[in-house]
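Below is one structure, written out as structure tokens; comments come after it.
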Amino acid sequence: MVYIDFEFCKPSDKDMGLICCSLKHDKCPVENYWLLDGTDTEDLKERLCYLENETFVAYNVEMAEARCFYALGLDPRSFKWRDLMLEWKWLRNGDDRYTYGDVIASDGSSVSWSMKPSVKIVKRMTDEEKAEAEAKNNEECAIESKFRRCKVTNQQAGLGLLDCEYFFGVIGVGDVLADKETKHEIRDVLIVENRDNKEVLQANKGKIMDYCASDIHLLKELEDCITCAMNKVAAEDHLFVMDGEVYTLPITKVKSVPEIQGMIGSWAARLATYAMRGIPLDMDKYVAVKGAVPQLLVDTQLDWNRKHPDNPVYRVGAPSMLLEKAVKRKNKSPYVDRVVTKDQSLVSNMIARYCETTGIKWRKTKTGYATDSDYLKEMDDGALIHEYRKHNDSLTSLKAMAAKEDGSVKMDASVGSDGKQRPYFCPFGTKTGRNATKASTFLFLGPKWMRLLVNPAEGRYVCDLDAHSQEVAIAAALYNDENKREVYRSADVYMKYAQMAGAYPADKPILTEEERNTLPWWKEEGWGKVRKIYKGGVLGLQFGMAGESLRRRVLLSLPEDEREQIDADWGNRFVDEYHRLFNSEYECTNDLKLRYSIGEGGVVLADGWRIGPDDPNLLSIGNFPVQGTGAVILRHACKLMDEAGIKLYATLHDAVSITGKLSNLEHDVEVARECFRQAAEDVLGEDLMLIGNPEVVKNGDNWIHDDSVPDTWNRMANSYFPQYVIKK
């Protein structure tokens, strides 16, 4: 084992702004290398290559150590990795034993012991319900505090290195507070604030080297604790779905602990490699858009009012709450700036009308209805709220490109001096094992027009490939559902289901998208409306939506004059018919949820990622095998592509982004498609999943990711950067 840590100051750049490195190999003393001025760079590279067959152990490999290897000119994927942070995520995922216990306060000021609250506070609660739950939980914490003779809270353990070390007892209370102070002094102040001042960093060489080496000797002890915990968990029974059956077995029957640790570490190293390759940007266009962002934010806000005259949420000038305060205080005028502001009273009025229409119960706060992004996502089952959430997401993406008061721009922190954006992919960031990429570092998560900022170098290409209706194919294979296989193999998943359910004549052909756009009878007979209804229903049921929620989702996605056939019981009938047609999936999913609920264990995926036995959301458990298997397929596909020499630079859900020389385009796409198809076959045990057509962009191309992009972009470009207008 080699325990390693780097210090760096410019993670957005190709060279990472390397400062120093400390490593410890087995029982050898800690070795220190100063990299800022290149003094020890070659010696370190030689040492790392000598240790190539060893396993490198670090904390948060993707954001630090593997990226630093890349910055040194080494391929991180050629080394074996252990990422202790991700292994702790593996332990914590749906498992209270590794979520509650010895914790550091969120502000770092103290330590305490945490216990799981008996009443879980969820987003849909009203303020009154939340207050009642908090009172009960606080009362229980007070009782436990007297018994333990220390502060007791319901706070979950953090994910930082100090949090992990304290949780496992590697460091004590005094060490925690001292290390917090040292980290602030060295990392946050000395290194970060002087990242452009090499003289200051050089003058503090000894202090920085001591700080870098300080945690190395503790990593060995922490690694022992985590491995011991993983062995214990892996020996416990978990539920495993395969061929339409739910099996109960220890994780070790699926994958051994060293195999799981290797899978986790190698995925972190791969993502670090893709991130360091970077997304190539047209920097002139990027700068032009950034300059226009302040006005684009105003335009985007006012555009909502224009499109939704019955539900405006912005006013020009001070918000109503400020006006009310001004009336009371009289000595302070609110008319300082004539700016566009989101008015909470207008937002509350919109949501109140929406709730009145749909019968939905919405959580209230002290200032009105809850509108945080997570809650909006949770409540997103109708056209209006879906549009409002997308609108907020667009604003968030624009704000990431807006200058703050100190002149800094959030997105600039991920854009290197070479004009490439380097994302933080956050591996295993969701409970299903998919990445939870940080949006401000990844423009592919922004509005679709943001892809117009991508521009590969002359003679190179970028290309996106994704799986076709991935969840349907996975469900068909996992649950061994013949009807689902038949639906997936058709030209249109949603119309094939409608046909099987009797809503589309059996003698009518299932059309491709191109045929739907060209054959006149499709539009003349109104089958597009049927497709829209069944698409909404199928997508909702894939995530376990209940009948009434499904009815609202479909109802609100249709124009008012097309809602007549969606009666009060439509959702329940749709659910019953869906379960009748896909009976194997329905029975297997129900069996999984039942056995999970009675405590037969967590759930494990084919490559060893797991969710523990304590997740309270049975809908998540029912959805875990399909979404989790999608993540398994993606990880395996990336491995096959790496081995085949394909250069990936990003992944997103069920899609991969590759790059290369334009002369190799045809070959690369063919190989990447085959690797993706082979990965799905290896994981699912059958050749079923289809890979979509490649989306290729060359130097100078406009990346039109959606038909709506040109109009959206040109509305902005005509006003603020006319040199980039897309000519039709």
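Scheme for the structure tokens: letters A, B, ... for chains in order shown; per-chain residue numbers from 1; ligand numbers from 1 in order shown.
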So that I can check the surroundings of Ile216 (chain A), please list as a PDB file with N, CA and C atoms, in the first residue's frame every protein, DNA and RNA residue that reaches within 12 Å of it, counting only C-alpha atoms and ignoring chain neighbours fewer than 5 positions away.
ATOM      1  N   MET A   1       0.839  -1.191   0.000  1.00  0.00           N
ATOM      2  CA  MET A   1       0.000   0.000   0.000  1.00  0.00           C
ATOM      3  C   MET A   1       0.886   1.257   0.000  1.00  0.00           C
ATOM      4  N   VAL A   2       0.448   2.265  -0.774  1.00  0.00           N
ATOM      5  CA  VAL A   2       1.117   3.562  -0.795  1.00  0.00           C
ATOM      6  C   VAL A   2       0.088   4.607  -0.393  1.00  0.00           C
ATOM      7  N   TYR A   3       0.331   5.290   0.700  1.00  0.00           N
ATOM      8  CA  TYR A   3      -0.588   6.326   1.178  1.00  0.00           C
ATOM      9  C   TYR A   3      -0.062   7.664   0.673  1.00  0.00           C
ATOM     10  N   ILE A   4      -0.929   8.436   0.019  1.00  0.00           N
ATOM     11  CA  ILE A   4      -0.430   9.592  -0.727  1.00  0.00           C
ATOM     12  C   ILE A   4      -1.357  10.792  -0.582  1.00  0.00           C
ATOM     13  N   ASP A   5      -0.741  11.987  -0.613  1.00  0.00           N
ATOM     14  CA  ASP A   5      -1.508  13.231  -0.544  1.00  0.00           C
ATOM     15  C   ASP A   5      -0.751  14.311  -1.315  1.00  0.00           C
ATOM     16  N   PHE A   6      -1.484  15.151  -2.030  1.00  0.00           N
ATOM     17  CA  PHE A   6      -0.901  16.262  -2.785  1.00  0.00           C
ATOM     18  C   PHE A   6      -1.445  17.582  -2.255  1.00  0.00           C
ATOM     19  N   CYS A  21       3.998  16.936  -2.629  1.00  0.00           N
ATOM     20  CA  CYS A  21       3.399  15.610  -2.465  1.00  0.00           C
ATOM     21  C   CYS A  21       4.082  14.897  -1.304  1.00  0.00           C
ATOM     22  N   SER A  22       3.283  14.180  -0.530  1.00  0.00           N
ATOM     23  CA  SER A  22       3.825  13.319   0.528  1.00  0.00           C
ATOM     24  C   SER A  22       3.293  11.913   0.322  1.00  0.00           C
ATOM     25  N   LEU A  23       4.150  10.918   0.496  1.00  0.00           N
ATOM     26  CA  LEU A  23       3.698   9.530   0.369  1.00  0.00           C
ATOM     27  C   LEU A  23       4.425   8.646   1.360  1.00  0.00           C
ATOM     28  N   LYS A  24       3.764   7.555   1.683  1.00  0.00           N
ATOM     29  CA  LYS A  24       4.359   6.578   2.603  1.00  0.00           C
ATOM     30  C   LYS A  24       4.100   5.185   2.053  1.00  0.00           C
ATOM     31  N   HIS A  25       5.166   4.425   1.825  1.00  0.00           N
ATOM     32  CA  HIS A  25       5.059   3.075   1.307  1.00  0.00           C
ATOM     33  C   HIS A  25       5.310   2.077   2.430  1.00  0.00           C
ATOM     34  N   ASP A  26       4.251   1.351   2.779  1.00  0.00           N
ATOM     35  CA  ASP A  26       4.337   0.341   3.840  1.00  0.00           C
ATOM     36  C   ASP A  26       5.028   0.899   5.096  1.00  0.00           C
ATOM     37  N   CYS A  28       8.054   2.153   5.330  1.00  0.00           N
ATOM     38  CA  CYS A  28       9.076   3.167   5.050  1.00  0.00           C
ATOM     39  C   CYS A  28       8.661   4.518   5.638  1.00  0.00           C
ATOM     40  N   PRO A  29       9.631   5.398   5.898  1.00  0.00           N
ATOM     41  CA  PRO A  29       9.295   6.741   6.398  1.00  0.00           C
ATOM     42  C   PRO A  29       8.506   7.529   5.341  1.00  0.00           C
ATOM     43  N   VAL A  30       7.852   8.594   5.783  1.00  0.00           N
ATOM     44  CA  VAL A  30       7.132   9.476   4.865  1.00  0.00           C
ATOM     45  C   VAL A  30       8.133  10.167   3.944  1.00  0.00           C
ATOM     46  N   GLU A  31       7.826  10.185   2.645  1.00  0.00           N
ATOM     47  CA  GLU A  31       8.673  10.845   1.648  1.00  0.00           C
ATOM     48  C   GLU A  31       7.985  12.133   1.199  1.00  0.00           C
ATOM     49  N   ASN A  32       8.744  13.232   1.135  1.00  0.00           N
ATOM     50  CA  ASN A  32       8.203  14.525   0.744  1.00  0.00           C
ATOM     51  C   ASN A  32       8.856  15.014  -0.546  1.00  0.00           C
ATOM     52  N   PHE A  56      -2.489   2.533  -4.481  1.00  0.00           N
ATOM     53  CA  PHE A  56      -2.386   3.881  -3.923  1.00  0.00           C
ATOM     54  C   PHE A  56      -3.665   4.197  -3.147  1.00  0.00           C
ATOM     55  N   VAL A  57      -3.499   4.632  -1.905  1.00  0.00           N
ATOM     56  CA  VAL A  57      -4.628   4.908  -1.015  1.00  0.00           C
ATOM     57  C   VAL A  57      -4.687   6.411  -0.754  1.00  0.00           C
ATOM     58  N   ALA A  58      -5.856   7.010  -0.992  1.00  0.00           N
ATOM     59  CA  ALA A  58      -6.024   8.445  -0.778  1.00  0.00           C
ATOM     60  C   ALA A  58      -7.478   8.717  -0.411  1.00  0.00           C
ATOM     61  N   TYR A  59      -7.777   9.971  -0.188  1.00  0.00           N
ATOM     62  CA  TYR A  59      -9.126  10.387   0.183  1.00  0.00           C
ATOM     63  C   TYR A  59      -9.637  11.357  -0.874  1.00  0.00           C
ATOM     64  N   LEU A 161     -12.436  14.376   5.382  1.00  0.00           N
ATOM     65  CA  LEU A 161     -11.442  13.458   5.961  1.00  0.00           C
ATOM     66  C   LEU A 161     -11.473  13.494   7.486  1.00  0.00           C
ATOM     67  N   MET A 209       4.804  21.737   3.541  1.00  0.00           N
ATOM     68  CA  MET A 209       5.216  20.329   3.489  1.00  0.00           C
ATOM     69  C   MET A 209       4.776  19.584   4.753  1.00  0.00           C
ATOM     70  N   ASP A 210       4.927  20.226   5.905  1.00  0.00           N
ATOM     71  CA  ASP A 210       4.503  19.597   7.163  1.00  0.00           C
ATOM     72  C   ASP A 210       2.995  19.349   7.153  1.00  0.00           C
ATOM     73  N   TYR A 211       2.251  20.319   6.643  1.00  0.00           N
ATOM     74  CA  TYR A 211       0.793  20.175   6.573  1.00  0.00           C
ATOM     75  C   TYR A 211       0.407  19.031   5.642  1.00  0.00           C
ATOM     76  N   GLU A 221      -4.291   3.801   9.387  1.00  0.00           N
ATOM     77  CA  GLU A 221      -5.228   3.400  10.434  1.00  0.00           C
ATOM     78  C   GLU A 221      -6.674   3.519   9.938  1.00  0.00           C
ATOM     79  N   LEU A 222      -6.963   4.594   9.209  1.00  0.00           N
ATOM     80  CA  LEU A 222      -8.314   4.781   8.675  1.00  0.00           C
ATOM     81  C   LEU A 222      -8.648   3.701   7.656  1.00  0.00           C
ATOM     82  N   GLU A 223      -7.685   3.351   6.829  1.00  0.00           N
ATOM     83  CA  GLU A 223      -7.897   2.294   5.827  1.00  0.00           C
ATOM     84  C   GLU A 223      -8.213   0.965   6.495  1.00  0.00           C
TER      85      GLU A 223
END
Counting only C-alpha atoms, figure out which residue out of A:Ala475, A:Val298, A:Val340, A:Ala213 gets nearest to Pro625 (chain A).
->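 Selected residue with least distance to Pro625 (chain A): A:Ala475.
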Contacts of Asn138 (chain A) within 12 Å, only C-alpha atoms, excl. fewer than 4 positions in-chain, as a list in words =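 Once the nearby chain positions are removed, what remains is Ser114, Met115, Lys116, Pro117, Ser118, Val119, Lys130, Ala131, Glu132, Ala133, Glu134, Ala142, Ile143, Glu144, Ser145, Lys151, Val152, Thr153, Asn154 and Gln155 of chain A.
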So that I have them on file, write out the residues from the current selection with N, CA and C atoms, as a PDB file, in the first residue's frame.
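That gives us out35.pdb:
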ATOM      1  N   SER A 114     -24.429  11.589  17.454  1.00  0.00           N
ATOM      2  CA  SER A 114     -25.697  11.780  16.753  1.00  0.00           C
ATOM      3  C   SER A 114     -26.501  10.491  16.742  1.00  0.00           C
ATOM      4  N   MET A 115     -27.810  10.649  16.762  1.00  0.00           N
ATOM      5  CA  MET A 115     -28.714   9.507  16.706  1.00  0.00           C
ATOM      6  C   MET A 115     -29.760   9.753  15.630  1.00  0.00           C
ATOM      7  N   LYS A 116     -30.271   8.678  15.053  1.00  0.00           N
ATOM      8  CA  LYS A 116     -31.280   8.801  14.006  1.00  0.00           C
ATOM      9  C   LYS A 116     -32.573   9.351  14.612  1.00  0.00           C
ATOM     10  N   PRO A 117     -33.166  10.380  13.983  1.00  0.00           N
ATOM     11  CA  PRO A 117     -34.418  10.918  14.531  1.00  0.00           C
ATOM     12  C   PRO A 117     -35.551   9.909  14.410  1.00  0.00           C
ATOM     13  N   SER A 118     -36.392   9.837  15.418  1.00  0.00           N
ATOM     14  CA  SER A 118     -37.517   8.894  15.362  1.00  0.00           C
ATOM     15  C   SER A 118     -38.583   9.387  14.396  1.00  0.00           C
ATOM     16  N   VAL A 119     -38.657  10.713  14.211  1.00  0.00           N
ATOM     17  CA  VAL A 119     -39.598  11.283  13.236  1.00  0.00           C
ATOM     18  C   VAL A 119     -38.778  11.941  12.135  1.00  0.00           C
ATOM     19  N   LYS A 130     -43.302  20.182  10.796  1.00  0.00           N
ATOM     20  CA  LYS A 130     -41.859  20.180  11.024  1.00  0.00           C
ATOM     21  C   LYS A 130     -41.528  20.575  12.463  1.00  0.00           C
ATOM     22  N   ALA A 131     -42.223  21.604  12.956  1.00  0.00           N
ATOM     23  CA  ALA A 131     -41.965  22.062  14.323  1.00  0.00           C
ATOM     24  C   ALA A 131     -42.294  20.966  15.335  1.00  0.00           C
ATOM     25  N   GLU A 132     -43.386  20.260  15.101  1.00  0.00           N
ATOM     26  CA  GLU A 132     -43.790  19.170  16.000  1.00  0.00           C
ATOM     27  C   GLU A 132     -42.758  18.039  15.980  1.00  0.00           C
ATOM     28  N   ALA A 133     -42.286  17.705  14.765  1.00  0.00           N
ATOM     29  CA  ALA A 133     -41.283  16.635  14.637  1.00  0.00           C
ATOM     30  C   ALA A 133     -39.972  17.035  15.306  1.00  0.00           C
ATOM     31  N   GLU A 134     -39.551  18.284  15.085  1.00  0.00           N
ATOM     32  CA  GLU A 134     -38.297  18.753  15.683  1.00  0.00           C
ATOM     33  C   GLU A 134     -38.373  18.739  17.207  1.00  0.00           C
ATOM     34  N   ALA A 142     -32.317  15.086  24.122  1.00  0.00           N
ATOM     35  CA  ALA A 142     -32.029  15.550  25.482  1.00  0.00           C
ATOM     36  C   ALA A 142     -31.957  14.374  26.452  1.00  0.00           C
ATOM     37  N   ILE A 143     -32.871  13.425  26.294  1.00  0.00           N
ATOM     38  CA  ILE A 143     -32.860  12.230  27.151  1.00  0.00           C
ATOM     39  C   ILE A 143     -31.585  11.419  26.918  1.00  0.00           C
ATOM     40  N   GLU A 144     -31.234  11.233  25.658  1.00  0.00           N
ATOM     41  CA  GLU A 144     -30.026  10.465  25.316  1.00  0.00           C
ATOM     42  C   GLU A 144     -28.771  11.189  25.796  1.00  0.00           C
ATOM     43  N   SER A 145     -28.819  12.521  25.756  1.00  0.00           N
ATOM     44  CA  SER A 145     -27.670  13.319  26.176  1.00  0.00           C
ATOM     45  C   SER A 145     -27.365  13.099  27.658  1.00  0.00           C
ATOM     46  N   LYS A 151     -23.205  16.034  24.336  1.00  0.00           N
ATOM     47  CA  LYS A 151     -24.202  16.610  23.448  1.00  0.00           C
ATOM     48  C   LYS A 151     -24.649  15.565  22.432  1.00  0.00           C
ATOM     49  N   VAL A 152     -25.974  15.458  22.229  1.00  0.00           N
ATOM     50  CA  VAL A 152     -26.537  14.511  21.262  1.00  0.00           C
ATOM     51  C   VAL A 152     -27.398  15.281  20.264  1.00  0.00           C
ATOM     52  N   THR A 153     -27.200  15.009  18.983  1.00  0.00           N
ATOM     53  CA  THR A 153     -27.961  15.685  17.930  1.00  0.00           C
ATOM     54  C   THR A 153     -28.486  14.647  16.936  1.00  0.00           C
ATOM     55  N   ASN A 154     -29.225  15.132  15.938  1.00  0.00           N
ATOM     56  CA  ASN A 154     -29.672  14.276  14.828  1.00  0.00           C
ATOM     57  C   ASN A 154     -28.856  14.526  13.565  1.00  0.00           C
ATOM     58  N   GLN A 155     -27.763  15.276  13.696  1.00  0.00           N
ATOM     59  CA  GLN A 155     -26.924  15.616  12.538  1.00  0.00           C
ATOM     60  C   GLN A 155     -26.189  14.386  12.018  1.00  0.00           C
TER      61      GLN A 155
END
Counting only C-alpha atoms, what is within 8 Å of Lys647 (chain A), bar same-chain residues fewer than 5 positions away, as a PyMOL selection string?
-> chain A and resi 274+641-642+658-660
Deliver the residues from the most recent selection as a file, using all heavy atoms, as a tab-separated table (two decimals), in the first residue's frame.
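result.tsv was written with the following content:
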chain	number	residue	atom	x	y	z
A	274	TYR	N	-11.01	11.78	-17.41
A	274	TYR	CA	-11.94	12.44	-18.32
A	274	TYR	C	-12.02	13.94	-18.01
A	274	TYR	O	-12.02	14.78	-18.91
A	274	TYR	CB	-13.34	11.82	-18.23
A	274	TYR	CG	-13.39	10.32	-18.38
A	274	TYR	CD1	-14.44	9.57	-17.86
A	274	TYR	CD2	-12.37	9.62	-19.03
A	274	TYR	CE1	-14.49	8.20	-17.99
A	274	TYR	CE2	-12.41	8.24	-19.16
A	274	TYR	CZ	-13.47	7.53	-18.63
A	274	TYR	OH	-13.51	6.16	-18.75
A	641	MET	N	-14.13	1.10	-23.26
A	641	MET	CA	-13.69	2.14	-24.19
A	641	MET	C	-12.26	2.57	-23.89
A	641	MET	O	-11.46	2.80	-24.81
A	641	MET	CB	-14.64	3.35	-24.13
A	641	MET	CG	-16.01	3.08	-24.71
A	641	MET	SD	-17.07	4.55	-24.65
A	641	MET	CE	-18.69	3.77	-24.61
A	642	ASP	N	-11.92	2.71	-22.61
A	642	ASP	CA	-10.54	3.04	-22.24
A	642	ASP	C	-9.57	2.00	-22.78
A	642	ASP	O	-8.52	2.33	-23.34
A	642	ASP	CB	-10.41	3.14	-20.72
A	642	ASP	CG	-10.99	4.42	-20.15
A	642	ASP	OD1	-11.24	5.36	-20.93
A	642	ASP	OD2	-11.21	4.48	-18.93
A	658	ILE	N	-17.09	11.52	-26.19
A	658	ILE	CA	-15.74	11.12	-26.62
A	658	ILE	C	-15.14	12.20	-27.51
A	658	ILE	O	-15.85	13.05	-28.05
A	658	ILE	CB	-15.76	9.76	-27.35
A	658	ILE	CG1	-16.51	9.86	-28.69
A	658	ILE	CG2	-16.40	8.68	-26.48
A	658	ILE	CD1	-16.44	8.59	-29.54
A	659	THR	N	-13.84	12.16	-27.65
A	659	THR	CA	-13.13	13.12	-28.48
A	659	THR	C	-11.96	12.43	-29.17
A	659	THR	O	-11.54	11.34	-28.74
A	659	THR	CB	-12.64	14.32	-27.65
A	659	THR	OG1	-12.06	15.29	-28.53
A	659	THR	CG2	-11.60	13.89	-26.63
A	660	GLY	N	-11.45	13.04	-30.23
A	660	GLY	CA	-10.33	12.44	-30.94
A	660	GLY	C	-10.02	13.19	-32.22
A	660	GLY	O	-10.63	14.25	-32.51
Residues near region 371-373 of chain A, cut-off 9 Å, only C-alpha atoms, skip fewer than 4 positions along chain, as a CSV table (one decimal) with N, CA, C and O atoms, in the first residue's frame:
chain,number,residue,atom,x,y,z
A,347,VAL,N,-45.1,34.4,-6.2
A,347,VAL,CA,-44.8,33.0,-6.3
A,347,VAL,C,-45.9,32.2,-5.5
A,347,VAL,O,-46.4,31.2,-6.0
A,377,LYS,N,-38.2,19.9,-7.5
A,377,LYS,CA,-38.0,18.7,-8.2
A,377,LYS,C,-38.9,17.6,-7.7
A,377,LYS,O,-39.5,16.8,-8.5
A,378,GLU,N,-39.1,17.5,-6.4
A,378,GLU,CA,-40.0,16.5,-5.8
A,378,GLU,C,-41.4,16.7,-6.2
A,378,GLU,O,-42.1,15.7,-6.5
A,389,ARG,N,-39.6,24.9,-12.7
A,389,ARG,CA,-38.3,24.3,-12.2
A,389,ARG,C,-37.3,24.5,-13.3
A,389,ARG,O,-36.1,24.8,-13.0
A,392,ASN,N,-36.0,28.0,-13.2
A,392,ASN,CA,-35.1,28.2,-12.1
A,392,ASN,C,-33.7,27.6,-12.4
A,392,ASN,O,-32.7,28.2,-12.1
A,393,ASP,N,-33.7,26.5,-13.0
A,393,ASP,CA,-32.5,25.8,-13.4
A,393,ASP,C,-31.7,26.7,-14.4
A,393,ASP,O,-30.5,26.8,-14.3
Quick one: residues within 8 Å of Thr512 (chain A), only C-alpha atoms, excluding same-chain residues fewer than 4 positions away - as a tab-separated table (two decimals) with N, CA, C and O atoms, in the first residue's frame?
chain	number	residue	atom	x	y	z
A	491	ALA	N	-40.37	0.05	-32.68
A	491	ALA	CA	-39.85	1.34	-33.17
A	491	ALA	C	-40.16	2.48	-32.21
A	491	ALA	O	-39.49	3.51	-32.23
A	492	ASP	N	-41.18	2.30	-31.37
A	492	ASP	CA	-41.60	3.36	-30.45
A	492	ASP	C	-42.14	2.71	-29.18
A	492	ASP	O	-43.21	2.11	-29.17
A	516	ARG	N	-43.41	9.36	-38.21
A	516	ARG	CA	-44.46	10.16	-37.57
A	516	ARG	C	-44.49	11.57	-38.13
A	516	ARG	O	-45.55	12.20	-38.20
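Minimum distance to Arg715 (chain A) across A:Glu405, A:Asp299, A:Asp310, A:Asp701 (counting only C-alpha atoms) occurs at A:Asp299.
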Give me, as JSON lines, each residue of region 648-711 of chain A that comes within 12 Å of region 224-244 of chain A, together with its shortest interatomic pair and the distance in Å at one decimal, counting only C-alpha atoms, with rows ordered by chain and rising residue number.
{"residue": "A:Val683", "atom": "CA", "partner": "A:Met242", "partner_atom": "CA", "distance": 10.4}
{"residue": "A:Leu684", "atom": "CA", "partner": "A:Met242", "partner_atom": "CA", "distance": 8.7}
{"residue": "A:Gly685", "atom": "CA", "partner": "A:Asp243", "partner_atom": "CA", "distance": 9.2}
{"residue": "A:Glu686", "atom": "CA", "partner": "A:Asp243", "partner_atom": "CA", "distance": 10.8}
Strand (DSSP E) per DSSP on the backbone: members of region 226-434 of chain A, as a VMD selection string = chain A and resid 237 to 242 245 to 250 279 to 280 314 to 316 340 to 342 364 to 365 368 to 369 420 to 421
Let's have the selection written as a compact mmCIF listing (two decimals), in the first residue's frame, with N, CA and C atoms.
# COMPACT_ATOMS: atom_id res chain seq x y z
N ASP A 237 -26.33 -10.53 4.64
CA ASP A 237 -27.25 -10.81 3.54
C ASP A 237 -27.77 -9.53 2.90
N HIS A 238 -27.80 -9.55 1.57
CA HIS A 238 -28.38 -8.47 0.78
C HIS A 238 -29.31 -9.09 -0.27
N LEU A 239 -30.18 -8.28 -0.81
CA LEU A 239 -31.09 -8.73 -1.86
C LEU A 239 -30.47 -8.44 -3.22
N PHE A 240 -30.61 -9.38 -4.15
CA PHE A 240 -30.00 -9.27 -5.47
C PHE A 240 -31.01 -9.70 -6.51
N VAL A 241 -31.27 -8.83 -7.49
CA VAL A 241 -32.28 -9.10 -8.52
C VAL A 241 -31.59 -9.62 -9.78
N MET A 242 -32.10 -10.75 -10.30
CA MET A 242 -31.54 -11.32 -11.53
C MET A 242 -32.58 -12.25 -12.15
N GLU A 245 -36.00 -12.84 -10.49
CA GLU A 245 -36.05 -13.40 -9.14
C GLU A 245 -35.27 -12.50 -8.18
N VAL A 246 -35.69 -12.51 -6.92
CA VAL A 246 -34.97 -11.79 -5.87
C VAL A 246 -34.28 -12.80 -4.98
N TYR A 247 -32.96 -12.74 -4.94
CA TYR A 247 -32.17 -13.68 -4.16
C TYR A 247 -31.66 -13.00 -2.89
N THR A 248 -31.51 -13.77 -1.83
CA THR A 248 -30.89 -13.28 -0.59
C THR A 248 -29.54 -13.95 -0.44
N LEU A 249 -28.48 -13.12 -0.40
CA LEU A 249 -27.13 -13.67 -0.32
C LEU A 249 -26.18 -12.62 0.23
N PRO A 250 -25.05 -13.05 0.77
CA PRO A 250 -24.04 -12.06 1.20
C PRO A 250 -23.40 -11.40 -0.02
N ILE A 279 -13.55 19.82 -21.30
CA ILE A 279 -14.51 20.16 -22.35
C ILE A 279 -13.97 21.38 -23.09
N PRO A 280 -13.66 21.27 -24.39
CA PRO A 280 -13.05 22.40 -25.12
C PRO A 280 -14.07 23.51 -25.38
N TYR A 314 -42.46 37.81 -11.11
CA TYR A 314 -41.48 38.88 -10.97
C TYR A 314 -42.17 40.24 -11.03
N ARG A 315 -41.58 41.19 -10.34
CA ARG A 315 -42.04 42.57 -10.48
C ARG A 315 -40.81 43.45 -10.70
N VAL A 316 -41.01 44.55 -11.42
CA VAL A 316 -39.93 45.50 -11.66
C VAL A 316 -39.91 46.47 -10.50
N VAL A 340 -35.35 43.94 -11.47
CA VAL A 340 -36.35 42.87 -11.54
C VAL A 340 -36.12 41.94 -10.36
N THR A 341 -37.14 41.70 -9.58
CA THR A 341 -37.00 40.84 -8.41
C THR A 341 -38.09 39.78 -8.39
N LYS A 342 -37.73 38.59 -7.92
CA LYS A 342 -38.74 37.56 -7.70
C LYS A 342 -39.50 37.91 -6.44
N LYS A 364 -45.58 24.68 3.36
CA LYS A 364 -45.49 26.12 3.57
C LYS A 364 -44.32 26.46 4.49
N THR A 365 -43.77 27.66 4.28
CA THR A 365 -42.71 28.19 5.13
C THR A 365 -43.20 29.50 5.74
N GLY A 368 -44.14 31.91 2.90
CA GLY A 368 -45.06 31.47 1.84
C GLY A 368 -44.88 30.01 1.56
N TYR A 369 -44.94 29.64 0.27
CA TYR A 369 -44.77 28.25 -0.13
C TYR A 369 -43.29 27.94 -0.36
N LYS A 420 -10.37 25.00 -21.32
CA LYS A 420 -11.14 23.77 -21.14
C LYS A 420 -11.81 23.77 -19.77
N GLN A 421 -13.07 23.33 -19.75
CA GLN A 421 -13.78 23.19 -18.48
C GLN A 421 -13.50 21.80 -17.92
Rank nothing, just name the residue among A:Leu592, A:Ala64, A:Leu640, A:Leu302 nearest to Lys10 (chain A), using only C-alpha atoms.
->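 Smallest separation from Lys10 (chain A) among the options: A:Ala64.
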Would you kindly return, as a list in words, each protein, DNA or RNA residue with an atom no farther than 7 Å from any atom of Phe582 (chain A), considering only C-alpha atoms and excluding same-chain residues fewer than 4 positions away?
->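 My reading of the contact set: Asp481, Asn483, Lys484, Tyr578 and Tyr586 of chain A.
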Closest of A:Leu86, A:Ala135, A:Leu384, A:Leu376 to Lys307 (chain A) - atom-to-atom distances counting only C-alpha atoms | A:Leu384
Among listed residues A:Glu62, A:Asp95, A:Glu185, A:Asp668, nearest Pro616 (chain A) (using only C-alpha atoms) |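 Of the candidates, the smallest distance to Pro616 (chain A) is held by A:Asp95.
Shortest atom-to-atom contact with Arg82 (chain A) among A:Lys448, A:Lys220, A:Arg580, A:Arg531: A:Lys220, counting only C-alpha atoms.
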Residues of region 18-151 of chain A in alpha helix (DSSP H) according to DSSP, as a PyMOL selection string?
-> chain A and resi 41-50+65-71+84-92+127-148
Distance in Å - CA of Lys180 (chain A) versus CA of Pro11 (chain A) = 21.8 Å
Take CA of Cys141 (chain A) and CA of Gln156 (chain A) and report the distance between them in Å, one decimal.
->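 A separation of 13.6 Å between them.
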Separation of CA of Asp707 (chain A) from CA of Val487 (chain A), in Å and rounded to one decimal = 26.9 Å
